[in-house]
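This is start_3.pdb. It holds PDB, C-alpha atoms.
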ATOM      1  CA  HIS A   1     159.571 124.108 105.147
ATOM      2  CA  VAL A   2     156.674 126.582 105.294
ATOM      3  CA  CYS A   3     155.757 125.765 101.710
ATOM      4  CA  SER A   4     155.894 122.046 102.475
ATOM      5  CA  CYS A   5     153.572 122.476 105.466
ATOM      6  CA  ILE A   6     151.116 124.502 103.387
ATOM      7  CA  GLY A   7     151.225 121.833 100.658
ATOM      8  CA  VAL A   8     150.475 119.068 103.111
ATOM      9  CA  GLU A   9     147.657 121.084 104.646
ATOM     10  CA  MET A  10     146.113 121.838 101.237
ATOM     11  CA  ALA A  11     146.383 118.175 100.257
ATOM     12  CA  GLY A  12     144.495 117.268 103.429
ATOM     13  CA  ILE A  13     141.772 119.793 102.642
ATOM     14  CA  PHE A  14     141.429 118.535  99.062
ATOM     15  CA  LEU A  15     141.184 114.964 100.335
ATOM     16  CA  LYS A  16     138.392 115.888 102.747
ATOM     17  CA  VAL A  17     136.518 117.711  99.968
ATOM     18  CA  ALA A  18     136.953 114.751  97.625
ATOM     19  CA  VAL A  19     135.618 112.327 100.235
ATOM     20  CA  PHE A  20     132.664 114.635 100.949
ATOM     21  CA  LEU A  21     131.804 114.887  97.251
ATOM     22  CA  TYR A  22     132.120 111.122  96.816
ATOM     23  CA  LEU A  23     129.898 110.193  99.737
ATOM     24  CA  MET A  24     126.253 109.934  98.780
ATOM     25  CA  ILE A  25     123.610 112.126 100.372
ATOM     26  CA  CYS A  26     121.274 109.563 101.908
ATOM     27  CA  ASP A  27     117.742 110.884 101.498
ATOM     28  CA  ARG A  28     114.539 109.617  99.910
ATOM     29  CA  ARG A  29     115.477 110.911  96.468
ATOM     30  CA  SER A  30     118.814 109.097  96.361
ATOM     31  CA  GLY A  31     117.254 105.954  97.839
ATOM     32  CA  MET A  32     114.581 105.978  95.147
ATOM     33  CA  ALA A  33     117.244 106.447  92.466
ATOM     34  CA  LEU A  34     119.166 103.416  93.764
ATOM     35  CA  ALA A  35     116.021 101.288  93.822
ATOM     36  CA  VAL A  36     115.298 102.199  90.209
ATOM     37  CA  LYS A  37     118.928 101.622  89.179
ATOM     38  CA  TYR A  38     119.156  98.124  90.617
ATOM     39  CA  LEU A  39     115.570  96.843  90.523
ATOM     40  CA  SER A  40     114.234  98.046  87.158
ATOM     41  CA  ASP A  41     114.667  94.646  85.529
ATOM     42  CA  LEU A  42     111.275  92.997  85.031
ATOM     43  CA  ARG A  43     112.435  90.112  87.266
ATOM     44  CA  PHE A  44     112.506  92.539  90.184
ATOM     45  CA  ARG A  45     109.335  94.523  89.462
ATOM     46  CA  ARG A  46     107.614  93.239  92.607
ATOM     47  CA  LYS A  47     110.696  94.149  94.677
ATOM     48  CA  LEU A  48     110.801  97.634  93.165
ATOM     49  CA  LEU A  49     107.163  98.310  94.043
ATOM     50  CA  HIS A  50     107.732  96.870  97.504
ATOM     51  CA  SER A  51     110.805  99.078  98.016
ATOM     52  CA  PHE A  52     108.832 102.185  97.060
ATOM     53  CA  GLY A  53     106.161 101.244  99.593
ATOM     54  CA  VAL A  54     108.698 100.531 102.329
ATOM     55  CA  GLY A  55     110.573 103.776 101.649
ATOM     56  CA  GLU A  56     107.468 105.925 101.983
ATOM     57  CA  LEU A  57     106.193 104.060 105.055
ATOM     58  CA  ALA A  58     109.581 104.259 106.796
ATOM     59  CA  TYR A  59     109.652 108.004 106.175
ATOM     60  CA  ARG A  60     106.087 108.466 107.486
ATOM     61  CA  VAL A  61     106.806 106.398 110.606
ATOM     62  CA  ALA A  62     109.978 108.353 111.380
ATOM     63  CA  TYR A  63     108.254 111.676 110.699
ATOM     64  CA  LYS A  64     105.393 110.765 113.039
ATOM     65  CA  ILE A  65     107.837 109.749 115.765
ATOM     66  CA  LEU A  66     109.681 113.059 115.405
ATOM     67  CA  LYS A  67     106.409 114.996 115.728
ATOM     68  CA  ASN A  68     105.665 113.162 118.959
ATOM     69  CA  HIS A  69     109.209 113.328 120.318
ATOM     70  CA  THR A  70     111.027 116.456 119.171
ATOM     71  CA  SER A  71     113.919 115.605 121.499
ATOM     72  CA  LEU A  72     114.907 112.643 119.278
ATOM     73  CA  THR A  73     117.300 114.796 117.284
ATOM     74  CA  HIS A  74     119.388 111.778 116.242
ATOM     75  CA  LEU A  75     116.454 110.287 114.294
ATOM     76  CA  ASN A  76     116.612 111.211 110.609
ATOM     77  CA  ALA A  77     113.347 110.719 108.693
ATOM     78  CA  GLU A  78     115.048 111.195 105.313
ATOM     79  CA  LEU A  79     117.603 108.510 106.206
ATOM     80  CA  ALA A  80     114.802 106.166 107.277
ATOM     81  CA  GLY A  81     113.186 106.737 103.886
ATOM     82  CA  PHE A  82     116.499 106.168 102.101
ATOM     83  CA  LEU A  83     116.985 102.839 103.866
ATOM     84  CA  GLY A  84     113.470 101.789 102.969
ATOM     85  CA  TYR A  85     113.925 102.516  99.280
ATOM     86  CA  ALA A  86     117.376 100.903  99.119
ATOM     87  CA  HIS A  87     116.894  97.934 101.441
ATOM     88  CA  ASP A  88     116.327  95.309  98.732
ATOM     89  CA  ILE A  89     118.815  96.396  96.043
ATOM     90  CA  GLY A  90     120.982  93.399  96.956
ATOM     91  CA  VAL A  91     118.517  91.049  95.215
ATOM     92  CA  SER A  92     120.118  92.189  91.961
ATOM     93  CA  ARG A  93     123.113  90.052  93.032
ATOM     94  CA  SER A  94     121.599  87.414  95.319
ATOM     95  CA  PHE A  95     117.857  86.891  95.595
ATOM     96  CA  LEU A  96     117.563  84.824  98.771
ATOM     97  CA  GLN A  97     120.377  86.320 100.835
ATOM     98  CA  HIS A  98     120.418  89.937  99.689
ATOM     99  CA  GLU A  99     121.218  92.043 102.744
ATOM    100  CA  ILE A 100     125.028  91.615 102.630
ATOM    101  CA  PRO A 101     125.230  92.236  98.853
ATOM    102  CA  GLY A 102     123.029  95.291  99.411
ATOM    103  CA  ILE A 103     125.486  96.680 101.932
ATOM    104  CA  GLU A 104     128.353  96.146  99.474
ATOM    105  CA  ILE A 105     126.430  97.928  96.702
ATOM    106  CA  LEU A 106     125.753 100.907  98.940
ATOM    107  CA  LYS A 107     129.437 101.195  99.832
ATOM    108  CA  GLU A 108     130.327 101.009  96.131
ATOM    109  CA  GLU A 109     127.840 103.824  95.522
ATOM    110  CA  GLY A 110     129.597 106.053  98.046
ATOM    111  CA  VAL A 111     127.474 105.439 101.129
ATOM    112  CA  GLU A 112     129.398 105.525 104.390
ATOM    113  CA  PRO A 113     129.905 101.973 105.753
ATOM    114  CA  ASP A 114     128.118 102.660 109.046
ATOM    115  CA  ILE A 115     125.064 103.898 107.140
ATOM    116  CA  ALA A 116     125.214 101.102 104.557
ATOM    117  CA  ARG A 117     125.129  98.618 107.437
ATOM    118  CA  ARG A 118     121.739  99.981 108.462
ATOM    119  CA  ILE A 119     119.870  98.290 105.615
ATOM    120  CA  MET A 120     120.177  95.015 107.533
ATOM    121  CA  HIS A 121     116.659  93.594 107.937
ATOM    122  CA  GLY A 122     114.706  90.357 107.739
ATOM    123  CA  GLN A 123     115.567  87.094 109.499
ATOM    124  CA  VAL A 124     119.299  87.141 108.656
ATOM    125  CA  GLU A 125     120.176  87.153 112.372
ATOM    126  CA  GLU A 126     118.116  84.014 112.988
ATOM    127  CA  GLN A 127     119.496  82.243 109.905
ATOM    128  CA  TYR A 128     123.167  83.170 110.000
ATOM    129  CA  GLY A 129     123.877  84.870 113.313
ATOM    130  CA  ASN A 130     125.879  83.337 116.123
ATOM    131  CA  GLY A 131     124.328  85.394 118.900
ATOM    132  CA  ASP A 132     126.596  88.424 118.662
ATOM    133  CA  GLY A 133     123.938  90.554 116.941
ATOM    134  CA  ARG A 134     126.031  91.340 113.870
ATOM    135  CA  TYR A 135     123.030  90.822 111.582
ATOM    136  CA  LEU A 136     120.501  92.752 113.648
ATOM    137  CA  PRO A 137     119.077  96.098 112.450
ATOM    138  CA  VAL A 138     121.131  99.097 113.553
ATOM    139  CA  GLY A 139     119.681 102.069 115.421
ATOM    140  CA  ILE A 140     116.157 103.395 115.452
ATOM    141  CA  GLU A 141     116.158 103.821 111.656
ATOM    142  CA  GLY A 142     117.046 100.143 111.285
ATOM    143  CA  MET A 143     114.163  99.161 113.536
ATOM    144  CA  ILE A 144     111.784 101.391 111.559
ATOM    145  CA  LEU A 145     113.066  99.854 108.321
ATOM    146  CA  THR A 146     112.479  96.312 109.549
ATOM    147  CA  TYR A 147     109.008  97.147 110.825
ATOM    148  CA  SER A 148     108.135  98.842 107.516
ATOM    149  CA  ASP A 149     109.517  95.950 105.470
ATOM    150  CA  MET A 150     107.392  93.507 107.441
ATOM    151  CA  THR A 151     104.168  95.480 106.954
ATOM    152  CA  ILE A 152     104.315  96.234 103.222
ATOM    153  CA  HIS A 153     102.901  93.671 100.792
ATOM    154  CA  ILE A 154     104.170  94.766  97.364
ATOM    155  CA  ASP A 155     103.194  98.415  97.938
ATOM    156  CA  LYS A 156     100.239  98.153 100.341
ATOM    157  CA  PRO A 157     100.284  97.995 104.177
ATOM    158  CA  ILE A 158      99.228  94.759 105.862
ATOM    159  CA  SER A 159      99.744  93.189 109.283
ATOM    160  CA  ILE A 160     102.991  91.414 110.157
ATOM    161  CA  GLU A 161     101.078  88.143 110.383
ATOM    162  CA  GLU A 162      99.677  88.561 106.868
ATOM    163  CA  ARG A 163     103.114  89.493 105.570
ATOM    164  CA  ILE A 164     104.693  86.357 107.025
ATOM    165  CA  VAL A 165     102.001  84.196 105.404
ATOM    166  CA  ASP A 166     102.721  85.908 102.072
ATOM    167  CA  ILE A 167     106.492  85.364 102.401
ATOM    168  CA  LYS A 168     106.016  81.693 103.277
ATOM    169  CA  GLN A 169     103.773  81.145 100.269
ATOM    170  CA  ARG A 170     106.281  82.755  97.910
ATOM    171  CA  VAL A 171     109.235  80.856  99.390
ATOM    172  CA  SER A 172     107.354  77.556  99.014
ATOM    173  CA  ARG A 173     106.866  78.309  95.304
ATOM    174  CA  LEU A 174     110.525  79.138  94.595
ATOM    175  CA  LYS A 175     111.926  77.003  91.782
ATOM    176  CA  ASP A 176     115.589  78.009  92.114
ATOM    177  CA  ALA A 177     116.035  76.873  95.730
ATOM    178  CA  ASP A 178     116.258  73.335  97.079
ATOM    179  CA  GLU A 179     113.906  72.104  99.780
ATOM    180  CA  ALA A 180     116.510  72.373 102.553
ATOM    181  CA  ARG A 181     117.168  76.041 101.738
ATOM    182  CA  LYS A 182     113.466  76.848 101.599
ATOM    183  CA  ASN A 183     112.809  75.026 104.854
ATOM    184  CA  ASP A 184     115.638  76.995 106.503
ATOM    185  CA  ILE A 185     113.966  80.270 105.515
ATOM    186  CA  LEU A 186     110.540  79.109 106.684
ATOM    187  CA  VAL A 187     111.824  77.940 110.066
ATOM    188  CA  ASN A 188     113.798  81.095 110.729
ATOM    189  CA  ILE A 189     111.065  83.524 109.787
ATOM    190  CA  ASP A 190     109.022  81.935 112.578
ATOM    191  CA  LYS A 191     111.978  82.421 114.922
ATOM    192  CA  ALA A 192     112.182  86.084 113.890
ATOM    193  CA  TYR A 193     108.464  86.711 114.454
ATOM    194  CA  PRO A 194     108.775  87.682 118.174
ATOM    195  CA  ARG A 195     111.489  90.192 117.255
ATOM    196  CA  TYR A 196     109.295  91.724 114.564
ATOM    197  CA  LYS A 197     106.435  92.039 117.034
ATOM    198  CA  MET A 198     108.752  93.699 119.543
ATOM    199  CA  TYR A 199     109.733  96.274 116.928
ATOM    200  CA  GLU A 200     106.059  96.818 116.164
ATOM    201  CA  ARG A 201     105.228  97.451 119.829
ATOM    202  CA  ILE A 202     108.083  99.946 120.137
ATOM    203  CA  VAL A 203     107.126 101.735 116.910
ATOM    204  CA  PHE A 204     103.477 101.972 117.965
ATOM    205  CA  LEU A 205     104.423 103.241 121.417
ATOM    206  CA  ILE A 206     106.740 106.038 120.292
ATOM    207  CA  SER A 207     104.542 106.929 117.303
ATOM    208  CA  GLY A 208     101.380 107.135 119.385
ATOM    209  CA  VAL A 209      99.394 104.800 117.111
ATOM    210  CA  ASP A 210      97.420 101.618 117.681
ATOM    211  CA  SER A 211      97.609  99.961 114.254
ATOM    212  CA  PHE A 212      99.641  99.823 111.050
ATOM    213  CA  LYS A 213      96.619 101.471 109.431
ATOM    214  CA  ASP A 214      97.278 104.671 111.438
ATOM    215  CA  PHE A 215     100.349 105.523 109.385
TER     216      PHE A 215
END
Final structure tokens representation of the file:
Amino acid sequence: HVCSCIGVEMAGIFLKVAVFLYLMICDRRSGMALAVKYLSDLRFRRKLLHSFGVGELAYRVAYKILKNHTSLTHLNAELAGFLGYAHDIGVSRSFLQHEIPGIEILKEEGVEPDIARRIMHGQVEEQYGNGDGRYLPVGIEGMILTYSDMTIHIDKPISIEERIVDIKQRVSRLKDADEARKNDILVNIDKAYPRYKMYERIVFLISGVDSFKDF
């Protein structure tokens, strides 16, 4: 019986070690590697450059917040950077609705489900949500990700208003989507605008900045 107990205990230890080794370390380096892995196709070149810009901005925003508020020990700047780099990898499976496929890819890559869920961004809540918040960004890193995504044009910072104009122009030019689908995106990005501005106000307040140019 003693041997059996030891065997069970050792099996439990080995299982924990195996799970630990399988789970991905979510930092900027691994996020960058995922972006390159899934977005290197020439079709996604713009998305790859954008993801690099979002990853670096998300890291800088989180780092600045941590400098201003050292008590925010639950905020992880490396995780914010990881989410920024990896947030658009789902376009490799579905271009228009890529957040859910992105979450599935992250889980397949060994990212813990609760962390994978944090790449939720964009106007998915306005388009597909039923009011329960299941498609909203998660945690402070998710808010930073969404703010960063909405202020990076390809790889350069711009205002949220300029970014929305850019998105609308690109959606209007899409050839692989019917008019109803495109109109749905255009309507819901306007609905999401107040939420984006709320995130911006919060980010500015806790970062101690007055403009996206201050990052």
Test item: the PyMOL selection byres ((chain A and resi 192) around 10) resolved as a list in words: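 Selected by the PyMOL selection byres ((chain A and resi 192) around 10) in this file: Gly122, Gln123, Val124, Glu125, Glu126, Gln127, Val187, Asn188, Ile189, Asp190, Lys191, Tyr193, Pro194, Arg195, Tyr196 and Lys197 of chain A.
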Could you give me, as a ChimeraX atom specification, the residues within 6 Å of Leu79 (chain A), counting all atoms listed in the file and dropping anything in the same chain fewer than 2 positions from it? /A:26-27,76-77,81-82
Contact table region 129-173 of chain A vs region 204-211 of chain A, cut-off 12 Å, shortest pair per residue, only C-alpha atoms, as CSV:
residue,atom,partner,partner_atom,distance
A:Ile140,CA,A:Ile206,CA,10.9
A:Met143,CA,A:Phe204,CA,11.9
A:Ile144,CA,A:Phe204,CA,10.5
A:Tyr147,CA,A:Phe204,CA,10.2
A:Ser148,CA,A:Phe204,CA,11.9
A:Thr151,CA,A:Ser211,CA,10.8
A:Pro157,CA,A:Ser211,CA,10.6
A:Ile158,CA,A:Ser211,CA,10.0
A:Ser159,CA,A:Ser211,CA,8.7
A:Ile160,CA,A:Ser211,CA,10.9
Which residues are close to His87 (chain A), i.e. within 9 Å by only C-alpha atoms, leaving aside same-chain residues fewer than 5 positions away? Reply as a PyMOL selection string. chain A and resi 31+35+51+54-55+82+98-99+102-103+118-121+145+149
CA of Asp166 (chain A) and CA of Arg29 (chain A), how far apart in Å?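 A separation of 28.6 Å between them.
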